[in-house]
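Only one structure is covered here, and it is reproduced in the block below.
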Amino acid sequence: MMAQTPSRKTRFLCLLAATTVLTPLGLASPAFAEGADAAGDADEVTSVGEIIVTATRRAESIQKVPISVQALSTETLAERQVKGLSDLVTLLPSVSFAGLGPGRQTTYFRGIVPAGGTYASVGYYLDDIPITGVGVPDIHVYDLERVEALSGPQGTLYGAGSLAGTIRFITNKPKIGVFEWGYDLEGNKYGPGDVGGQIESYVNAPVNDTIAVRAMAYYRRDGGYIDNTPNNGLLNDGRSAVLTLGDNNPATSFTLDNSAIAKDDYNTVREYGGRLVAVWEPAPGWEVTPQITAQHQVSKGYFGFDPRVGDLEVHDYDVTENDDKWYQAQLSVHGHIGDWDVVSATGYHQRKTKLLNDYTYYTVTYDGFGPGYENYLQFFDKSGCTGDGATLRCSKFLNPTQYFHGLTYRDKFTQELRVTTPGDWPFEVTAGAFYHWQKQENNTYYAIRGLDQIVGYTRAGGGDSNPAGLGIPVANGGTMVLGTPAVKQDGFYVVENNQIYHDKALFAEGHYNITPTLKLTAGIRYFKTDYKIKGFAGVMASARNTTTSLFVPTGTFGCTLPLPAERLQCLNTNFAAPDQVGRYKESGETHKVALDWQITPTKMIYANYSTGFRPGGFNRPLRIRNVGVATVDPFKSEELTNYELGVKTRWGDNFRFNAAVYYEQWDNIQYSVVVSGAQGAGITGNAGKARVYGVEYDADLKLGEFTISSSGAYNDAALDGNFCNFAFDPTSRAITQLASCALGATVPGSSPPTPQVAAADGTRLPRQPKFKGTTSIRYDTEVAGYSAFVQGAALYQTGATQDLNVFNNDLLGNTSGFVTFDISGGVKKDNWTFNVFLQNAFDRRGQLTRNTFCSITFCSGSSRTFPVKPQFFGARFGQKF
């Protein structure tokens with residue numbers, strides 16, 4: 001019998017087993033209070049060091065904190081070439097993310113991956129100030145003290161936005177009485193792509209005996225690696241790249257052509273920014289710290305590719321660009337009133353995003369539906385028309401290819417006040433109050449270039465005729481309507497709304513030593529949340545609706561077209577409420593209880609029970625085809641309950657091992673669905689319950705000149721019960737979730753047929769690999785008076801599903817598991833360092849996520865795959881003075 005060749009999956013699992021065996025119990029390099037520099041110093045590193053974090057709002061060793069925490073120091077971030085969020089997530093095994101590129105990404109913890117709702121599930125903090133949201137800004141990683149990742153619900157101290165976990169960026173603070181500065185220069189290149197580089201610098205300067213300032217500034221250009229190749233006459237999925245509007249008349253056909261924007265390595269990133277911090281000690285024991293951080297990032301193109309076109313290649317037909325500006329001003333006051341510790345944290349965050357996006361594949365999809373949809377795209381180009389009124393004759397249509405342009409403003413104000421009891425009390429309690437206000441103004445346009453300049457469009461009629469006065473046949477017959485269907489500017493479908501959030505909370509967390517080695521921690525948070533939205537969303541027909549819309553300046557029903565230049569003068573036509581405002585209010589509490597036993601000074605075991613909360617929200621009514629407006633109930637809040645058992649140990653000076661096992665219950669999963677008959681519009685509903693079984697570990701081992709670090713996480717996340725679909729109920733004229741559902745059955749009257757069961761009991765939750773880990777081995781030595789190091793690292797993860805709806809996931813397909821390897825080395829002497837690095841050394845095309853341009857049902861054939869960074873190498877030189 002001939003020996004069989006091992007499958008890819010078998011080889012992959014063997015490799016994972018080998019890397020785990022080679023690393024004693026394994027962790028991704030943590031932060032060291034006293035650790036090696038990026039270039040290494042063998043004399044300075046004799047142990048694994050102590051890790052200090054502020055995860056519980058006070059500085060303490062990570063080995064004493066009874067929750068699962070991972071911390072990455074500034075040295076580790078530099079060694080692993082972390083520049084932004086996507087680089088950071090690779091080093092956090094319990095964290096996954098999805099998105100379309102820098103500034104358009106959302107993170108998730110432990111398989112808790114919502115696909116709907118108005119709040120994020122992961123807290124995102126710059127020092128003490130939350131900038132949590134969906135599509136968070138890409139904070140530049142430089143001059144940071146550390147990054148902390150807190151797994152599991154953090155609702156007690158961090159609030160509703162921290163349902164599943166929290167990521168905190170802790171900046172370096174000014175040092176009084178010390179002058180220091182430094183800079184770093186880097187040149188880099190993607191193996192298959194373009195060159196890039198960055199320059200970074202910081203300075204710390206004393207002003208007098210009580211004041212110091214610290215400043216950081218940088219500029220970065222990231223070369224692209226995705227090629228927008230010239231169109232070859234076919235779309236990505238093999239369909240013809242020709243729009244055919246109406247009959248086979250040359251005047252009604254448009255061949256898609258991207259030659260004007262085709263370009264190699266087109267997904268470049270340019271960004272610059274800085275931070276200015278001051279510290280003032282007005283009296284002993286008091287610190288006042290004002291700070292401002294600002295960044296401007298412009299990312300071009302897509303960061304995913306289409307394998308149907310080629311490796312790292314796409315066919316884009318319009319410009320895609322994200323222009324992202326933000327700043328955050330904050331003021332921290334820390335002091336003592338008597339023996340009471342007092343902290344006040346105030347922050348204001350403002351962000352402006354301008355987005356352009358190719359939307360060609362949406363147009364092609366609708367054109368492919370044939371009669372009944374083609375008239376949706378039939379607009380008469382004025383350059384081909386003669387005469388006027390009844391004698392108007394037009395000879396060609398306007399190219400109806402759509403693109404997207406949007407402008408989003410975000411404003412956030414935060415105030416938190418915390419008070420901690422005196423240290424000589426038999427217990428310690430931190431209590432506080434929190435207030436958060438945020439406003440998001442959305443101005444988005446699904447547009448057609450030149451639509452605001454056309455002279456007319458078709459309105460479907462009966463039969464297949466050539467309406468009088470037209471020089472070309474029109475699909476489905478119909479009549480010509482003078483003017484434009486643009487709602488505003490060139491927007492065919494327009495969304496202009498304001499979303500306003502108010503969050504208030506009172507919280508307390510305390511510690512009590514039952515015995516000298518047994519400590520009880522308990523916390524609770526009472527909160528109120530208020531969300532409201534108002535504005536316009538729809539097409540021209542929605543604007544002229546006379547039953548559910550109100551034009552504010554005149555008080556008459558309906559909206560004039562085009563919409564006024566001022567935003568929000570025409571309120572949302574789909575709101576049934578008389579004041580045209582959608583509201584959602586909720587109050588509740590989250591809590592936690594933890595018990596930790598310090599078995600020895602270096603070994604602890606803990607048990608942690610905690611809950612998290614994510615508010616529900618408002619659904620606007622939807623228009624159902626051939627029926628009218630249907631009401632939609634608000635979606636409910638999510639709750640996450642976490643049961644965790646962990647150990648934190650240190651064995652001598654050279655080995656640290658931490659691990660946690662957990663079980664999480666997730667109720668009322670918020671999930672966006674497209675309802676049959678709702679003309680592509682979606683709602684957010686609750687998909688039922690899920691459960692997660694998981695294990696996390698991290699470890700460091702120091703063996704002479706070798707340091708071995710590893711971390712990993714296993715998450716088995718699945719539905720706990722059937723996810724019943726949503727459908728229109730003609731009796732109540734409402735969109736509701738089916739009370740019961742059966743596998744294999746379809747929703748009565750749905751077109752196309754919609755399965756009653758969107759996902760069955762036991763269906764795996766999307767976007768989260770079952771196992772994800774990283775391992776590094778570092779060697780430090782002395783060579784001819786130079787400190788030197790060499791480091792190798794492996795990143796590995798298994799595959800993942802991409803959508804909770806099984807039908808949609810089958811169309812989109814799962815991502816595959818992968819392993820990548822990084823190599824780096826460097827030397828250091830006196831005040832300078834020089835490092836070289838090679839990431840993804842073998843240029844593996846590891847798949848992270850997949851995405852589509854419109855609903856998966858229609859656009860899965862043109863989906864994009866978002867890979868890990870391809871082969872990336874460079875050199876870095878820095879000095880400190």
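Within each chain, counting starts at residue 1; across the structure tokens, chains are named A, B, ... in the order shown, with ligands numbered 1 upward in that order.
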- Query: Using only C-alpha atoms, which residues sit within 7 Å of Tyr796 in chain A once same-chain residues fewer than 5 positions away are excluded, as a list in words?
  - Reply: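 Non-adjacent residues within range: Lys772, Gly773, Thr774, Phe818, Val819 and Thr820 of chain A.
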For C-alpha atoms, I'd like the residues from the last selection saved as a short mmCIF file (atom, residue, chain, number, x, y, z; two decimals), in the first residue's frame.
data_model
loop_
_atom_site.label_atom_id
_atom_site.label_comp_id
_atom_site.auth_asym_id
_atom_site.auth_seq_id
_atom_site.Cartn_x
_atom_site.Cartn_y
_atom_site.Cartn_z
CA LYS A 772 -5.17 31.75 17.53
CA GLY A 773 -1.68 32.12 18.94
CA THR A 774 1.78 33.58 18.58
CA PHE A 818 -2.64 29.82 8.20
CA VAL A 819 0.81 30.23 9.75
CA THR A 820 3.20 33.12 9.10
#
- Message: Can you tell me, as number ranges by chain, which residues in range 108-267 of chain A count as helix (DSSP H, G or I) by DSSP?
- Response: A: 155-158, 160-162, 250-252
What are the closest atom pairs, with distances in Å to one decimal, for all residues of range 606-677 of chain A lying within 8 Å of range 60-69 of chain A? Consider only C-alpha atoms, order rows by chain and residue number, and present the result as JSON lines.
{"residue": "A:Tyr606", "atom": "CA", "partner": "A:Pro66", "partner_atom": "CA", "distance": 5.8}
{"residue": "A:Ala607", "atom": "CA", "partner": "A:Pro66", "partner_atom": "CA", "distance": 7.4}
{"residue": "A:Asn608", "atom": "CA", "partner": "A:Ile67", "partner_atom": "CA", "distance": 7.0}
{"residue": "A:Gly646", "atom": "CA", "partner": "A:Ser68", "partner_atom": "CA", "distance": 7.6}
{"residue": "A:Lys648", "atom": "CA", "partner": "A:Gln63", "partner_atom": "CA", "distance": 5.6}
{"residue": "A:Thr649", "atom": "CA", "partner": "A:Gln63", "partner_atom": "CA", "distance": 7.1}
{"residue": "A:Ala659", "atom": "CA", "partner": "A:Ser68", "partner_atom": "CA", "distance": 7.8}
{"residue": "A:Ala660", "atom": "CA", "partner": "A:Ser68", "partner_atom": "CA", "distance": 6.8}
I need the chosen residues saved as a compact mmCIF listing (two decimals), in the first residue's frame, with N, CA and C atoms.
# COMPACT_ATOMS: atom_id res chain seq x y z
N TYR A 606 -7.70 32.35 40.87
CA TYR A 606 -8.84 33.24 41.04
C TYR A 606 -10.07 32.68 40.32
N ALA A 607 -11.23 33.09 40.81
CA ALA A 607 -12.50 32.81 40.17
C ALA A 607 -13.21 34.14 39.97
N ASN A 608 -13.76 34.34 38.77
CA ASN A 608 -14.34 35.64 38.43
C ASN A 608 -15.70 35.42 37.77
N GLY A 646 -8.95 31.18 36.75
CA GLY A 646 -7.63 31.43 36.22
C GLY A 646 -6.52 31.23 37.24
N LYS A 648 -2.37 32.65 37.96
CA LYS A 648 -1.27 33.55 37.62
C LYS A 648 -0.08 33.13 38.48
N THR A 649 0.97 32.67 37.82
CA THR A 649 2.08 32.08 38.55
C THR A 649 3.41 32.60 38.02
N ALA A 659 -2.98 31.56 32.94
CA ALA A 659 -3.98 30.90 32.11
C ALA A 659 -5.36 31.13 32.69
N ALA A 660 -6.37 31.02 31.84
CA ALA A 660 -7.76 31.15 32.28
C ALA A 660 -8.64 30.25 31.43
- Task: Figure out the distance between CA of Gly617 in chain A and CA of Leu85 in chain A, please, to one decimal in Å.
- Result: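 Interatomic distance, CA of Leu85 in chain A to CA of Gly617 in chain A: 27.7 Å.
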Nearby residues (only C-alpha atoms) at most 9 Å from range 663-674 of chain A, same-chain spacing under 5 positions excluded, as a PDB file with N, CA and C atoms, in the first residue's frame:
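part_26.pdb, freshly written:
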ATOM      1  N   ILE A 112     -17.324  36.944  20.617  1.00  0.00           N
ATOM      2  CA  ILE A 112     -18.531  37.758  20.758  1.00  0.00           C
ATOM      3  C   ILE A 112     -18.502  38.784  19.626  1.00  0.00           C
ATOM      4  N   VAL A 113     -19.153  38.428  18.514  1.00  0.00           N
ATOM      5  CA  VAL A 113     -19.063  39.213  17.285  1.00  0.00           C
ATOM      6  C   VAL A 113     -20.459  39.654  16.863  1.00  0.00           C
ATOM      7  N   PRO A 114     -20.956  40.773  17.382  1.00  0.00           N
ATOM      8  CA  PRO A 114     -22.263  41.271  16.934  1.00  0.00           C
ATOM      9  C   PRO A 114     -22.200  41.706  15.468  1.00  0.00           C
ATOM     10  N   ALA A 115     -23.296  41.566  14.774  1.00  0.00           N
ATOM     11  CA  ALA A 115     -23.389  42.014  13.383  1.00  0.00           C
ATOM     12  C   ALA A 115     -24.566  42.975  13.250  1.00  0.00           C
ATOM     13  N   GLY A 116     -24.689  43.885  14.199  1.00  0.00           N
ATOM     14  CA  GLY A 116     -25.768  44.857  14.197  1.00  0.00           C
ATOM     15  C   GLY A 116     -25.745  45.636  15.494  1.00  0.00           C
ATOM     16  N   GLY A 117     -26.619  46.621  15.601  1.00  0.00           N
ATOM     17  CA  GLY A 117     -26.683  47.439  16.806  1.00  0.00           C
ATOM     18  C   GLY A 117     -26.006  48.780  16.620  1.00  0.00           C
ATOM     19  N   GLY A 152     -13.089  39.620  28.382  1.00  0.00           N
ATOM     20  CA  GLY A 152     -14.310  39.396  29.140  1.00  0.00           C
ATOM     21  C   GLY A 152     -15.042  40.680  29.443  1.00  0.00           C
ATOM     22  N   GLY A 616     -29.874  48.255  23.537  1.00  0.00           N
ATOM     23  CA  GLY A 616     -30.644  48.019  22.329  1.00  0.00           C
ATOM     24  C   GLY A 616     -30.784  49.293  21.529  1.00  0.00           C
ATOM     25  N   PHE A 635     -34.924  46.721  18.868  1.00  0.00           N
ATOM     26  CA  PHE A 635     -34.196  45.514  19.229  1.00  0.00           C
ATOM     27  C   PHE A 635     -33.721  45.630  20.677  1.00  0.00           C
ATOM     28  N   LYS A 636     -33.646  44.490  21.350  1.00  0.00           N
ATOM     29  CA  LYS A 636     -33.381  44.465  22.785  1.00  0.00           C
ATOM     30  C   LYS A 636     -31.893  44.558  23.084  1.00  0.00           C
ATOM     31  N   SER A 637     -31.596  44.888  24.315  1.00  0.00           N
ATOM     32  CA  SER A 637     -30.213  44.957  24.762  1.00  0.00           C
ATOM     33  C   SER A 637     -29.613  43.564  24.873  1.00  0.00           C
ATOM     34  N   GLU A 638     -28.296  43.500  24.691  1.00  0.00           N
ATOM     35  CA  GLU A 638     -27.563  42.255  24.862  1.00  0.00           C
ATOM     36  C   GLU A 638     -27.020  42.154  26.277  1.00  0.00           C
ATOM     37  N   GLU A 639     -26.899  40.932  26.769  1.00  0.00           N
ATOM     38  CA  GLU A 639     -26.268  40.680  28.054  1.00  0.00           C
ATOM     39  C   GLU A 639     -25.269  39.548  27.895  1.00  0.00           C
ATOM     40  N   LEU A 640     -24.118  39.717  28.511  1.00  0.00           N
ATOM     41  CA  LEU A 640     -23.076  38.708  28.479  1.00  0.00           C
ATOM     42  C   LEU A 640     -22.691  38.354  29.906  1.00  0.00           C
ATOM     43  N   THR A 641     -22.720  37.072  30.235  1.00  0.00           N
ATOM     44  CA  THR A 641     -22.357  36.596  31.560  1.00  0.00           C
ATOM     45  C   THR A 641     -21.108  35.730  31.434  1.00  0.00           C
ATOM     46  N   ASN A 642     -20.095  36.035  32.232  1.00  0.00           N
ATOM     47  CA  ASN A 642     -18.799  35.396  32.136  1.00  0.00           C
ATOM     48  C   ASN A 642     -18.463  34.665  33.431  1.00  0.00           C
ATOM     49  N   TYR A 643     -18.123  33.378  33.308  1.00  0.00           N
ATOM     50  CA  TYR A 643     -17.641  32.583  34.433  1.00  0.00           C
ATOM     51  C   TYR A 643     -16.201  32.191  34.109  1.00  0.00           C
ATOM     52  N   GLU A 644     -15.270  32.605  34.945  1.00  0.00           N
ATOM     53  CA  GLU A 644     -13.854  32.465  34.601  1.00  0.00           C
ATOM     54  C   GLU A 644     -13.065  31.929  35.791  1.00  0.00           C
ATOM     55  N   GLN A 679     -37.103  45.460  -0.228  1.00  0.00           N
ATOM     56  CA  GLN A 679     -36.334  46.155  -1.261  1.00  0.00           C
ATOM     57  C   GLN A 679     -34.899  46.400  -0.810  1.00  0.00           C
ATOM     58  N   GLY A 680     -34.294  45.389  -0.156  1.00  0.00           N
ATOM     59  CA  GLY A 680     -32.896  45.470   0.225  1.00  0.00           C
ATOM     60  C   GLY A 680     -32.631  46.172   1.533  1.00  0.00           C
ATOM     61  N   ALA A 681     -33.657  46.791   2.134  1.00  0.00           N
ATOM     62  CA  ALA A 681     -33.452  47.501   3.395  1.00  0.00           C
ATOM     63  C   ALA A 681     -33.341  46.498   4.535  1.00  0.00           C
ATOM     64  N   GLY A 682     -32.589  46.872   5.565  1.00  0.00           N
ATOM     65  CA  GLY A 682     -32.355  45.961   6.677  1.00  0.00           C
ATOM     66  C   GLY A 682     -32.834  46.511   7.995  1.00  0.00           C
ATOM     67  N   ILE A 683     -32.916  45.610   8.968  1.00  0.00           N
ATOM     68  CA  ILE A 683     -33.247  45.972  10.344  1.00  0.00           C
ATOM     69  C   ILE A 683     -32.254  45.265  11.250  1.00  0.00           C
ATOM     70  N   THR A 684     -32.266  45.647  12.514  1.00  0.00           N
ATOM     71  CA  THR A 684     -31.502  44.917  13.516  1.00  0.00           C
ATOM     72  C   THR A 684     -32.471  44.191  14.424  1.00  0.00           C
ATOM     73  N   GLY A 685     -32.267  42.900  14.559  1.00  0.00           N
ATOM     74  CA  GLY A 685     -33.106  42.088  15.431  1.00  0.00           C
ATOM     75  C   GLY A 685     -32.254  41.351  16.441  1.00  0.00           C
ATOM     76  N   ASN A 686     -32.887  40.503  17.219  1.00  0.00           N
ATOM     77  CA  ASN A 686     -32.184  39.697  18.212  1.00  0.00           C
ATOM     78  C   ASN A 686     -32.189  38.240  17.771  1.00  0.00           C
ATOM     79  N   ALA A 687     -31.003  37.665  17.663  1.00  0.00           N
ATOM     80  CA  ALA A 687     -30.849  36.343  17.077  1.00  0.00           C
ATOM     81  C   ALA A 687     -30.873  35.219  18.100  1.00  0.00           C
ATOM     82  N   GLY A 688     -31.206  35.530  19.344  1.00  0.00           N
ATOM     83  CA  GLY A 688     -31.294  34.463  20.342  1.00  0.00           C
ATOM     84  C   GLY A 688     -30.087  34.401  21.237  1.00  0.00           C
ATOM     85  N   LYS A 689     -29.658  33.181  21.592  1.00  0.00           N
ATOM     86  CA  LYS A 689     -28.601  32.988  22.573  1.00  0.00           C
ATOM     87  C   LYS A 689     -27.407  32.254  21.963  1.00  0.00           C
ATOM     88  N   ALA A 690     -26.259  32.456  22.608  1.00  0.00           N
ATOM     89  CA  ALA A 690     -25.050  31.738  22.226  1.00  0.00           C
ATOM     90  C   ALA A 690     -24.252  31.437  23.478  1.00  0.00           C
ATOM     91  N   ARG A 691     -23.306  30.522  23.341  1.00  0.00           N
ATOM     92  CA  ARG A 691     -22.422  30.218  24.448  1.00  0.00           C
ATOM     93  C   ARG A 691     -20.993  30.090  23.914  1.00  0.00           C
ATOM     94  N   VAL A 692     -20.017  30.372  24.776  1.00  0.00           N
ATOM     95  CA  VAL A 692     -18.608  30.305  24.408  1.00  0.00           C
ATOM     96  C   VAL A 692     -17.866  29.516  25.477  1.00  0.00           C
ATOM     97  N   TYR A 693     -17.129  28.491  25.050  1.00  0.00           N
ATOM     98  CA  TYR A 693     -16.179  27.810  25.916  1.00  0.00           C
ATOM     99  C   TYR A 693     -14.787  28.226  25.458  1.00  0.00           C
ATOM    100  N   GLY A 694     -13.928  28.587  26.399  1.00  0.00           N
ATOM    101  CA  GLY A 694     -12.626  29.054  25.960  1.00  0.00           C
ATOM    102  C   GLY A 694     -11.510  28.851  26.963  1.00  0.00           C
ATOM    103  N   ALA A 717     -17.325  28.960  20.064  1.00  0.00           N
ATOM    104  CA  ALA A 717     -18.468  29.862  20.189  1.00  0.00           C
ATOM    105  C   ALA A 717     -19.557  29.412  19.221  1.00  0.00           C
ATOM    106  N   ASP A 720     -26.892  28.836  20.880  1.00  0.00           N
ATOM    107  CA  ASP A 720     -27.552  27.966  21.858  1.00  0.00           C
ATOM    108  C   ASP A 720     -29.057  28.036  21.597  1.00  0.00           C
ATOM    109  N   ASN A 725     -35.880  33.391  11.689  1.00  0.00           N
ATOM    110  CA  ASN A 725     -35.804  34.529  10.796  1.00  0.00           C
ATOM    111  C   ASN A 725     -36.898  35.560  11.082  1.00  0.00           C
ATOM    112  N   PHE A 726     -36.803  36.692  10.383  1.00  0.00           N
ATOM    113  CA  PHE A 726     -37.775  37.776  10.495  1.00  0.00           C
ATOM    114  C   PHE A 726     -38.615  37.822   9.225  1.00  0.00           C
ATOM    115  N   LEU A 804     -23.303  34.548  10.433  1.00  0.00           N
ATOM    116  CA  LEU A 804     -24.103  33.676  11.278  1.00  0.00           C
ATOM    117  C   LEU A 804     -25.192  32.972  10.479  1.00  0.00           C
ATOM    118  N   SER A 855     -25.757  43.118  -0.057  1.00  0.00           N
ATOM    119  CA  SER A 855     -26.146  41.936   0.691  1.00  0.00           C
ATOM    120  C   SER A 855     -25.475  40.693   0.095  1.00  0.00           C
TER     121      SER A 855
END
- Task: For Phe872 in chain A, list every protein, DNA or RNA residue within 10 Å, evaluated using only C-alpha atoms, and leave out those in the same chain fewer than 5 positions away; present the list as a PyMOL selection string.
- Result: chain A and resi 188-195+225+822+837-843
- Between A:Phe397, A:Tyr493, A:Phe427, A:Tyr779, single out the one closest to Thr521 in chain A, counting only C-alpha atoms.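 Of the candidates, the smallest distance to Thr521 in chain A is held by A:Phe427.
Once range 122-127 of chain A and its same-chain neighbours fewer than 3 positions away are set aside, Pro130, Ile131, Thr132, Gly161, Ser162, Ala164, Gly165, Thr166, Ile167, Arg168, Phe169 and Ile170 of chain A remain within 6 Å of it when counting only C-alpha atoms.
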- Task: Fewer than 4 positions away in the same chain doesn't count, so skip those; otherwise give me all residues within 9 Å of Leu157 in chain A, counting only C-alpha atoms, as an MDAnalysis selection string.
- Result: chainID A and resid 56:57 507:509 523:525
- Message: With DSSP run on the backbone, what are the strand (DSSP E) residues within range 176-372 of chain A? I'd like them as a PyMOL selection string.
- Response: chain A and resi 180-190+195-206+211-222+227-228+242-244+253-255+269-280+287-300+313-314+321-337+340-358
- Among A:Asp222, A:Glu287, A:Asp810, A:Asp316, Arg270 in chain A is approached most closely, using only C-alpha atoms, by A:Asp222
- Neighbour list for Ala71 in chain A as a PyMOL selection string, cut-off 8 Å, only C-alpha atoms, skip fewer than 2 positions in-chain: chain A and resi 30-31+51+53+69+73+146-149
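Taking CA of Thr731 in chain A as the reference point, CA of Ala543 in chain A is found at 26.9 Å.
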- Task: Find the residue from A:Pro290, A:Pro634, A:Gly878, A:Gly456 that sits nearest to Arg275 in chain A; use only C-alpha atoms when measuring.
- Result: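 Among the listed residues, the smallest separation from Arg275 in chain A belongs to A:Pro290.
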